Amino acid sequence: MPFESKSDDVFSLSKIKDVVVDARYQHEVDRDGQTLIPPTLHQFANTFAQDLQPVLDRRISVRTGRKPPHNGIFITLDRHGKYLDAAGRPTSEGYTLEVTSNGIVIKGASPLGAWWGTRTVLQQAILNDGNIQLGSGRDAPGWGTRGIMLDVGRKFYPKEFIIEMCSYISFFKQNVFHLHLSDNLYNNPNYTREESLNLYARFRLWSEDPRVAGLNKHRNESYSRREFEEIQHKCAARGVTILPEIEAPGHALVIVQWKPQLGLSTDLSLLNISHPETIPTLRNIWSTFLPWFHSKTVSIGADEYTDSVTEYTRFVNAMNDHIKRVSGKSIRIWGTFPPNKTEGVENVDKDVSIQHWEFFEDNPYYDFILNGYSVLNSDDTFYIVNKWSGSYPQRINLTRAFYGNPAGGPWYPQIFDIHNSSNNPTRDEPLVLGAIAAQWNDFGYNASVVSEAYYNWRD
């Protein structure tokens, strides 16, 4: 429900004395979101109060209470409100905002919903010189996954930058930061074996566990468990879930440099899945790092594999079984091989979600959604590649964003094809998970400076 103004009068944030958290709900957390470390309502309120300090140029206290204070902000939960997504399903991320001459009340479907309400208060205050018009409105996201992906495998980004980006995207109610944690430069088929084994390839998690000894040789450009914990907790504090990706069986040269016997002879950046050590090695890698990850979903990558479809499918399903058994987490893969409807042919398990990126790999609607797979929209219409690319830009195309709907008007996550509407499901399709805008570093560590990643997304 759009915000409806009650009058031309405004409430000035300069009047705010404190933020009051409903004592009945201060310890509540959102269990329906994407993180396993959700903040409490009180913790979200503390972060909000810290955000208000530079806006108001003074410290704002947080206390608990049972009713809205005079000249304050009251944060509570709305147990009976109906907040629905684009598919008509309840979402915990909705909220109601009420602004009166006495103060502001934020009612969240959950603590996470209330957090998004605090972002609206900040946005309106910044847009209107610290004033918010009197009135009320209800808000809820259409899709549960809204975010960005950064290729930290081919260029290292310090944890401080990642944490700051979580703060930035949270301001715009984005809730997922997908980190592509391993990759390599393009393995030219003309390279010798020696050249391939010396090509730039990186794995960004650092562990002393003997199961992965030698996989990562670059401690200075890696995240320790302590550092990755800090990233995840500070991002979760702002409603953003870190979604980790460890890439295989394609883009896996860093694993082959560690264990050369696992490489496919025709392309060492691809794993030879039929080798008896390949799947056990990947199980060991995931078993080492799964305890680090606090997201309900992890990505195994699995794109641009050009060898046997049968072996590929066996690999994906083996990793799905292992990760579910060890951690209870779901897995995601980039769209690669569409399902084969031939009787008796094994396909990727339907509880594996698909991150669509290119139509030459799959038609997300006809190949996956109509066959019962959940799909996340990362179509390369909105790809960014830092510095230079033969086909991709260095900035999000705003014209496409605001006029990329084949029917005219703004683009939405259910729009996979901006040219042919028959390739797009309806807006209320429940198998569309949302969208993630991907930013790549195809040319590795020389591709960009850290700040460019921010400027590429800023608009």
# chains A, B, ... in the order shown; residues from 1 in each chain; ligands from 1
$ residues_around --residues "Val432 in chain A" --least-positions-apart "6" --cutoff "12 Å" --atoms "only C-alpha atoms" --output "ChimeraX atom specification"
/A:85-87,142-146,353-356,364-365,368-370,372-378,412-416,424-426
$ write_last_selection --atoms "N, CA and C atoms" --output "compact mmCIF listing (two decimals), in the first residue's frame"
# COMPACT_ATOMS: atom_id res chain seq x y z
N ASP A 85 4.41 -11.27 -1.02
CA ASP A 85 5.35 -11.02 -2.12
C ASP A 85 4.61 -11.05 -3.45
N ALA A 86 5.36 -10.99 -4.55
CA ALA A 86 4.74 -10.92 -5.88
C ALA A 86 3.93 -12.17 -6.21
N ALA A 87 4.27 -13.31 -5.57
CA ALA A 87 3.54 -14.55 -5.81
C ALA A 87 2.37 -14.72 -4.85
N GLY A 142 8.79 -7.73 -3.48
CA GLY A 142 8.16 -8.69 -4.39
C GLY A 142 8.89 -10.01 -4.43
N TRP A 143 10.21 -9.96 -4.21
CA TRP A 143 11.02 -11.17 -4.33
C TRP A 143 11.97 -11.29 -3.13
N GLY A 144 12.24 -12.52 -2.71
CA GLY A 144 13.00 -12.77 -1.50
C GLY A 144 14.49 -12.60 -1.63
N THR A 145 15.03 -12.65 -2.87
CA THR A 145 16.47 -12.46 -3.09
C THR A 145 16.67 -11.23 -3.95
N ARG A 146 17.38 -10.26 -3.38
CA ARG A 146 17.64 -8.99 -4.06
C ARG A 146 19.08 -8.60 -3.73
N SER A 353 18.71 -25.05 -6.77
CA SER A 353 18.22 -23.87 -7.46
C SER A 353 19.20 -23.44 -8.55
N ILE A 354 18.67 -22.80 -9.57
CA ILE A 354 19.43 -22.44 -10.76
C ILE A 354 19.61 -20.92 -10.82
N GLN A 355 20.85 -20.49 -11.02
CA GLN A 355 21.14 -19.08 -11.20
C GLN A 355 21.36 -18.85 -12.70
N HIS A 356 20.29 -18.41 -13.38
CA HIS A 356 20.37 -18.21 -14.83
C HIS A 356 21.27 -17.02 -15.15
N PRO A 364 15.62 -20.14 -19.01
CA PRO A 364 15.23 -20.36 -17.62
C PRO A 364 13.76 -20.71 -17.42
N TYR A 365 12.91 -20.14 -18.25
CA TYR A 365 11.48 -20.39 -18.10
C TYR A 365 11.11 -21.78 -18.61
N PHE A 368 13.79 -24.75 -17.07
CA PHE A 368 13.86 -24.99 -15.63
C PHE A 368 12.56 -24.72 -14.89
N ILE A 369 12.00 -23.54 -15.00
CA ILE A 369 10.79 -23.23 -14.23
C ILE A 369 9.65 -24.16 -14.58
N LEU A 370 9.42 -24.40 -15.87
CA LEU A 370 8.33 -25.30 -16.27
C LEU A 370 8.61 -26.75 -15.92
N GLY A 372 9.89 -27.39 -12.84
CA GLY A 372 9.82 -27.44 -11.39
C GLY A 372 11.04 -26.96 -10.64
N TYR A 373 12.00 -26.30 -11.32
CA TYR A 373 13.20 -25.77 -10.65
C TYR A 373 12.99 -24.31 -10.25
N SER A 374 13.53 -23.93 -9.09
CA SER A 374 13.55 -22.53 -8.70
C SER A 374 14.71 -21.84 -9.41
N VAL A 375 14.47 -20.60 -9.87
CA VAL A 375 15.47 -19.90 -10.67
C VAL A 375 15.71 -18.49 -10.13
N LEU A 376 16.97 -18.13 -10.02
CA LEU A 376 17.40 -16.79 -9.66
C LEU A 376 17.85 -16.09 -10.94
N ASN A 377 17.43 -14.85 -11.12
CA ASN A 377 17.73 -14.12 -12.35
C ASN A 377 19.04 -13.33 -12.22
N SER A 378 20.09 -13.82 -12.91
CA SER A 378 21.34 -13.07 -13.05
C SER A 378 21.68 -12.97 -14.54
N TYR A 412 11.87 -6.15 -14.06
CA TYR A 412 11.62 -6.84 -12.79
C TYR A 412 12.29 -8.20 -12.84
N PRO A 413 12.49 -8.84 -11.68
CA PRO A 413 13.24 -10.11 -11.65
C PRO A 413 12.65 -11.24 -12.48
N GLN A 414 11.36 -11.21 -12.77
CA GLN A 414 10.80 -12.29 -13.58
C GLN A 414 11.05 -12.08 -15.08
N ILE A 415 11.69 -10.97 -15.42
CA ILE A 415 12.00 -10.68 -16.83
C ILE A 415 13.40 -11.20 -17.14
N PHE A 416 13.46 -12.37 -17.76
CA PHE A 416 14.74 -12.96 -18.15
C PHE A 416 15.17 -12.46 -19.53
N ASN A 424 9.43 -15.12 -20.65
CA ASN A 424 9.31 -14.64 -19.27
C ASN A 424 8.05 -15.20 -18.61
N PRO A 425 8.18 -15.71 -17.40
CA PRO A 425 6.98 -16.12 -16.66
C PRO A 425 6.20 -14.89 -16.20
N THR A 426 5.03 -15.12 -15.64
CA THR A 426 4.25 -14.02 -15.12
C THR A 426 4.88 -13.50 -13.82
$ residues_around --residues "Asp307 in chain A" --least-positions-apart "3" --cutoff "9 Å" --atoms "only C-alpha atoms" --output "list in words"
Leu264, Leu270, Asn272, Thr310, Glu311 and Tyr312 of chain A
$ atom_distance --atom1 "CA of Asp303 in chain A" --atom2 "CA of Phe337 in chain A"
8.8 Å
$ closest_residue --among "A:Leu127, A:Leu185, A:Ile285, A:Ala248" --to "Gly214 in chain A" --atoms "only C-alpha atoms"
A:Ile285
$ closest_residue --among "A:Ala201, A:Val19, A:Ile396, A:Ile331" --to "Phe156 in chain A" --atoms "only C-alpha atoms"
A:Ala201
$ residues_around --residues "Asn405 in chain A" --least-positions-apart "6" --cutoff "9 Å" --atoms "only C-alpha atoms" --output "number ranges by chain"
A: 411-412, 415, 417-419, 421
$ write_last_selection --atoms "C-alpha atoms" --output "PDB file, in the first residue's frame"
ATOM      1  CA  TRP A 411      12.561  -4.288 -15.486  1.00  0.00           C
ATOM      2  CA  TYR A 412      11.619  -6.842 -12.795  1.00  0.00           C
ATOM      3  CA  ILE A 415      11.997 -10.681 -16.825  1.00  0.00           C
ATOM      4  CA  ASP A 417      14.490 -11.740 -21.742  1.00  0.00           C
ATOM      5  CA  ILE A 418      14.063  -8.014 -22.391  1.00  0.00           C
ATOM      6  CA  HIS A 419      13.374  -8.649 -26.093  1.00  0.00           C
ATOM      7  CA  SER A 421       8.226 -11.635 -23.535  1.00  0.00           C
TER       8      SER A 421
END
$ residues_around --residues "range 38-44 of chain A" --least-positions-apart "6" --cutoff "7 Å" --atoms "only C-alpha atoms" --output "PyMOL selection string"
chain A and resi 21+25-30+111+115+236-237
$ write_last_selection --atoms "N, CA, C and O atoms" --output "compact mmCIF listing (two decimals), in the first residue's frame"
# COMPACT_ATOMS: atom_id res chain seq x y z
N VAL A 21 12.27 0.24 21.63
CA VAL A 21 11.99 -1.10 21.12
C VAL A 21 10.88 -1.71 21.97
O VAL A 21 10.96 -1.67 23.21
N TYR A 25 8.97 -7.80 22.22
CA TYR A 25 9.57 -8.45 21.05
C TYR A 25 11.07 -8.19 20.93
O TYR A 25 11.67 -8.56 19.91
N GLN A 26 11.70 -7.59 21.92
CA GLN A 26 13.07 -7.14 21.76
C GLN A 26 14.04 -8.28 21.44
O GLN A 26 15.06 -8.07 20.78
N HIS A 27 13.74 -9.51 21.87
CA HIS A 27 14.65 -10.64 21.64
C HIS A 27 14.23 -11.49 20.43
O HIS A 27 14.86 -12.50 20.15
N GLU A 28 13.17 -11.08 19.74
CA GLU A 28 12.69 -11.84 18.58
C GLU A 28 13.69 -11.76 17.43
O GLU A 28 14.38 -10.75 17.25
N VAL A 29 13.77 -12.85 16.64
CA VAL A 29 14.58 -12.87 15.42
C VAL A 29 13.75 -13.41 14.27
O VAL A 29 12.73 -14.06 14.48
N ASP A 30 14.20 -13.14 13.06
CA ASP A 30 13.52 -13.63 11.86
C ASP A 30 14.12 -14.97 11.46
O ASP A 30 15.27 -15.03 11.04
N PRO A 111 11.64 -8.90 12.80
CA PRO A 111 12.69 -7.89 13.01
C PRO A 111 13.34 -7.44 11.70
O PRO A 111 13.70 -6.26 11.56
N TRP A 115 13.58 -3.69 10.18
CA TRP A 115 14.85 -3.10 9.72
C TRP A 115 14.65 -2.36 8.39
O TRP A 115 15.14 -1.25 8.22
N ALA A 236 25.06 -9.31 8.29
CA ALA A 236 23.77 -9.74 8.84
C ALA A 236 23.17 -8.67 9.73
O ALA A 236 21.94 -8.52 9.80
N ALA A 237 24.01 -7.91 10.42
CA ALA A 237 23.54 -6.83 11.28
C ALA A 237 22.77 -5.78 10.49
O ALA A 237 22.00 -5.00 11.06
$ closest_residue --among "A:Thr118, A:Thr297, A:Asn128, A:Thr336" --to "Trp357 in chain A" --atoms "only C-alpha atoms"
A:Thr336
$ atom_distance --atom1 "CA of Gln123 in chain A" --atom2 "CA of Leu97 in chain A"
12.9 Å
$ decode --residues "range 33-48 of chain A" --atoms "all heavy atoms" --output "PDB file, in the first residue's frame"
ATOM      1  N   GLY A  33      14.254 -15.743   7.052  1.00  0.00           N
ATOM      2  CA  GLY A  33      15.161 -15.128   6.085  1.00  0.00           C
ATOM      3  C   GLY A  33      16.243 -16.079   5.626  1.00  0.00           C
ATOM      4  O   GLY A  33      16.180 -17.292   5.838  1.00  0.00           O
ATOM      5  N   GLN A  34      17.292 -15.534   5.007  1.00  0.00           N
ATOM      6  CA  GLN A  34      18.306 -16.349   4.362  1.00  0.00           C
ATOM      7  C   GLN A  34      19.539 -16.592   5.226  1.00  0.00           C
ATOM      8  O   GLN A  34      20.424 -17.356   4.843  1.00  0.00           O
ATOM      9  CB  GLN A  34      18.707 -15.698   3.036  1.00  0.00           C
ATOM     10  CG  GLN A  34      17.504 -15.497   2.116  1.00  0.00           C
ATOM     11  CD  GLN A  34      17.888 -15.198   0.698  1.00  0.00           C
ATOM     12  OE1 GLN A  34      18.657 -15.924   0.087  1.00  0.00           O
ATOM     13  NE2 GLN A  34      17.357 -14.124   0.138  1.00  0.00           N
ATOM     14  N   THR A  35      19.586 -15.937   6.385  1.00  0.00           N
ATOM     15  CA  THR A  35      20.749 -16.098   7.245  1.00  0.00           C
ATOM     16  C   THR A  35      20.442 -16.993   8.435  1.00  0.00           C
ATOM     17  O   THR A  35      19.300 -17.046   8.911  1.00  0.00           O
ATOM     18  CB  THR A  35      21.259 -14.738   7.753  1.00  0.00           C
ATOM     19  OG1 THR A  35      22.425 -14.941   8.553  1.00  0.00           O
ATOM     20  CG2 THR A  35      20.203 -14.023   8.580  1.00  0.00           C
ATOM     21  N   LEU A  36      21.484 -17.656   8.936  1.00  0.00           N
ATOM     22  CA  LEU A  36      21.364 -18.469  10.142  1.00  0.00           C
ATOM     23  C   LEU A  36      21.795 -17.692  11.387  1.00  0.00           C
ATOM     24  O   LEU A  36      21.794 -18.244  12.488  1.00  0.00           O
ATOM     25  CB  LEU A  36      22.211 -19.737   9.998  1.00  0.00           C
ATOM     26  CG  LEU A  36      21.751 -20.697   8.893  1.00  0.00           C
ATOM     27  CD1 LEU A  36      22.797 -21.786   8.666  1.00  0.00           C
ATOM     28  CD2 LEU A  36      20.401 -21.308   9.223  1.00  0.00           C
ATOM     29  N   ILE A  37      22.165 -16.421  11.210  1.00  0.00           N
ATOM     30  CA  ILE A  37      22.582 -15.587  12.342  1.00  0.00           C
ATOM     31  C   ILE A  37      21.757 -14.287  12.344  1.00  0.00           C
ATOM     32  O   ILE A  37      22.311 -13.189  12.314  1.00  0.00           O
ATOM     33  CB  ILE A  37      24.095 -15.283  12.305  1.00  0.00           C
ATOM     34  CG1 ILE A  37      24.531 -14.807  10.896  1.00  0.00           C
ATOM     35  CG2 ILE A  37      24.902 -16.509  12.715  1.00  0.00           C
ATOM     36  CD1 ILE A  37      25.969 -14.318  10.837  1.00  0.00           C
ATOM     37  N   PRO A  38      20.432 -14.396  12.413  1.00  0.00           N
ATOM     38  CA  PRO A  38      19.600 -13.186  12.335  1.00  0.00           C
ATOM     39  C   PRO A  38      19.701 -12.332  13.589  1.00  0.00           C
ATOM     40  O   PRO A  38      19.687 -12.855  14.707  1.00  0.00           O
ATOM     41  CB  PRO A  38      18.187 -13.761  12.180  1.00  0.00           C
ATOM     42  CG  PRO A  38      18.244 -15.097  12.863  1.00  0.00           C
ATOM     43  CD  PRO A  38      19.626 -15.626  12.564  1.00  0.00           C
ATOM     44  N   PRO A  39      19.825 -11.019  13.452  1.00  0.00           N
ATOM     45  CA  PRO A  39      19.854 -10.129  14.616  1.00  0.00           C
ATOM     46  C   PRO A  39      18.482 -10.062  15.292  1.00  0.00           C
ATOM     47  O   PRO A  39      17.447 -10.314  14.675  1.00  0.00           O
ATOM     48  CB  PRO A  39      20.228  -8.764  14.022  1.00  0.00           C
ATOM     49  CG  PRO A  39      20.807  -9.083  12.679  1.00  0.00           C
ATOM     50  CD  PRO A  39      20.098 -10.305  12.207  1.00  0.00           C
ATOM     51  N   THR A  40      18.486  -9.699  16.561  1.00  0.00           N
ATOM     52  CA  THR A  40      17.239  -9.475  17.278  1.00  0.00           C
ATOM     53  C   THR A  40      16.674  -8.109  16.893  1.00  0.00           C
ATOM     54  O   THR A  40      17.371  -7.255  16.323  1.00  0.00           O
ATOM     55  CB  THR A  40      17.447  -9.512  18.790  1.00  0.00           C
ATOM     56  OG1 THR A  40      18.301  -8.400  19.166  1.00  0.00           O
ATOM     57  CG2 THR A  40      18.090 -10.828  19.228  1.00  0.00           C
ATOM     58  N   LEU A  41      15.422  -7.894  17.276  1.00  0.00           N
ATOM     59  CA  LEU A  41      14.808  -6.585  17.038  1.00  0.00           C
ATOM     60  C   LEU A  41      15.599  -5.493  17.749  1.00  0.00           C
ATOM     61  O   LEU A  41      15.809  -4.404  17.203  1.00  0.00           O
ATOM     62  CB  LEU A  41      13.352  -6.610  17.529  1.00  0.00           C
ATOM     63  CG  LEU A  41      12.513  -5.381  17.193  1.00  0.00           C
ATOM     64  CD1 LEU A  41      12.310  -5.263  15.689  1.00  0.00           C
ATOM     65  CD2 LEU A  41      11.157  -5.436  17.905  1.00  0.00           C
ATOM     66  N   HIS A  42      16.065  -5.779  18.938  1.00  0.00           N
ATOM     67  CA  HIS A  42      16.835  -4.785  19.696  1.00  0.00           C
ATOM     68  C   HIS A  42      18.175  -4.492  19.023  1.00  0.00           C
ATOM     69  O   HIS A  42      18.624  -3.334  18.959  1.00  0.00           O
ATOM     70  CB  HIS A  42      17.057  -5.275  21.131  1.00  0.00           C
ATOM     71  CG  HIS A  42      17.390  -4.187  22.102  1.00  0.00           C
ATOM     72  ND1 HIS A  42      18.601  -3.544  22.109  1.00  0.00           N
ATOM     73  CD2 HIS A  42      16.651  -3.614  23.086  1.00  0.00           C
ATOM     74  CE1 HIS A  42      18.615  -2.617  23.059  1.00  0.00           C
ATOM     75  NE2 HIS A  42      17.443  -2.638  23.678  1.00  0.00           N
ATOM     76  N   GLN A  43      18.827  -5.512  18.489  1.00  0.00           N
ATOM     77  CA  GLN A  43      20.103  -5.299  17.799  1.00  0.00           C
ATOM     78  C   GLN A  43      19.914  -4.455  16.541  1.00  0.00           C
ATOM     79  O   GLN A  43      20.728  -3.564  16.260  1.00  0.00           O
ATOM     80  CB  GLN A  43      20.731  -6.646  17.454  1.00  0.00           C
ATOM     81  CG  GLN A  43      21.277  -7.380  18.674  1.00  0.00           C
ATOM     82  CD  GLN A  43      21.678  -8.810  18.370  1.00  0.00           C
ATOM     83  OE1 GLN A  43      21.100  -9.474  17.503  1.00  0.00           O
ATOM     84  NE2 GLN A  43      22.680  -9.313  19.083  1.00  0.00           N
ATOM     85  N   PHE A  44      18.859  -4.707  15.794  1.00  0.00           N
ATOM     86  CA  PHE A  44      18.568  -3.868  14.621  1.00  0.00           C
ATOM     87  C   PHE A  44      18.328  -2.421  15.057  1.00  0.00           C
ATOM     88  O   PHE A  44      18.778  -1.475  14.393  1.00  0.00           O
ATOM     89  CB  PHE A  44      17.345  -4.388  13.875  1.00  0.00           C
ATOM     90  CG  PHE A  44      17.643  -5.441  12.841  1.00  0.00           C
ATOM     91  CD1 PHE A  44      16.840  -6.577  12.736  1.00  0.00           C
ATOM     92  CD2 PHE A  44      18.692  -5.292  11.938  1.00  0.00           C
ATOM     93  CE1 PHE A  44      17.089  -7.541  11.768  1.00  0.00           C
ATOM     94  CE2 PHE A  44      18.948  -6.255  10.963  1.00  0.00           C
ATOM     95  CZ  PHE A  44      18.143  -7.381  10.886  1.00  0.00           C
ATOM     96  N   ALA A  45      17.615  -2.228  16.163  1.00  0.00           N
ATOM     97  CA  ALA A  45      17.333  -0.881  16.650  1.00  0.00           C
ATOM     98  C   ALA A  45      18.623  -0.155  17.037  1.00  0.00           C
ATOM     99  O   ALA A  45      18.769   1.054  16.781  1.00  0.00           O
ATOM    100  CB  ALA A  45      16.382  -0.947  17.838  1.00  0.00           C
ATOM    101  N   ASN A  46      19.556  -0.874  17.643  1.00  0.00           N
ATOM    102  CA  ASN A  46      20.843  -0.260  17.997  1.00  0.00           C
ATOM    103  C   ASN A  46      21.590   0.210  16.762  1.00  0.00           C
ATOM    104  O   ASN A  46      22.177   1.302  16.740  1.00  0.00           O
ATOM    105  CB  ASN A  46      21.700  -1.258  18.774  1.00  0.00           C
ATOM    106  CG  ASN A  46      21.278  -1.386  20.231  1.00  0.00           C
ATOM    107  OD1 ASN A  46      20.769  -0.438  20.818  1.00  0.00           O
ATOM    108  ND2 ASN A  46      21.477  -2.557  20.812  1.00  0.00           N
ATOM    109  N   THR A  47      21.595  -0.617  15.707  1.00  0.00           N
ATOM    110  CA  THR A  47      22.270  -0.229  14.466  1.00  0.00           C
ATOM    111  C   THR A  47      21.592   0.981  13.845  1.00  0.00           C
ATOM    112  O   THR A  47      22.259   1.902  13.353  1.00  0.00           O
ATOM    113  CB  THR A  47      22.283  -1.405  13.477  1.00  0.00           C
ATOM    114  OG1 THR A  47      22.882  -2.546  14.105  1.00  0.00           O
ATOM    115  CG2 THR A  47      23.068  -1.057  12.224  1.00  0.00           C
ATOM    116  N   PHE A  48      20.271   0.988  13.874  1.00  0.00           N
ATOM    117  CA  PHE A  48      19.510   2.125  13.347  1.00  0.00           C
ATOM    118  C   PHE A  48      19.869   3.411  14.098  1.00  0.00           C
ATOM    119  O   PHE A  48      20.089   4.465  13.490  1.00  0.00           O
ATOM    120  CB  PHE A  48      18.017   1.823  13.465  1.00  0.00           C
ATOM    121  CG  PHE A  48      17.107   2.949  13.073  1.00  0.00           C
ATOM    122  CD1 PHE A  48      17.349   3.710  11.931  1.00  0.00           C
ATOM    123  CD2 PHE A  48      15.993   3.254  13.845  1.00  0.00           C
ATOM    124  CE1 PHE A  48      16.492   4.738  11.560  1.00  0.00           C
ATOM    125  CE2 PHE A  48      15.127   4.274  13.482  1.00  0.00           C
ATOM    126  CZ  PHE A  48      15.382   5.022  12.349  1.00  0.00           C
TER     127      PHE A  48
END
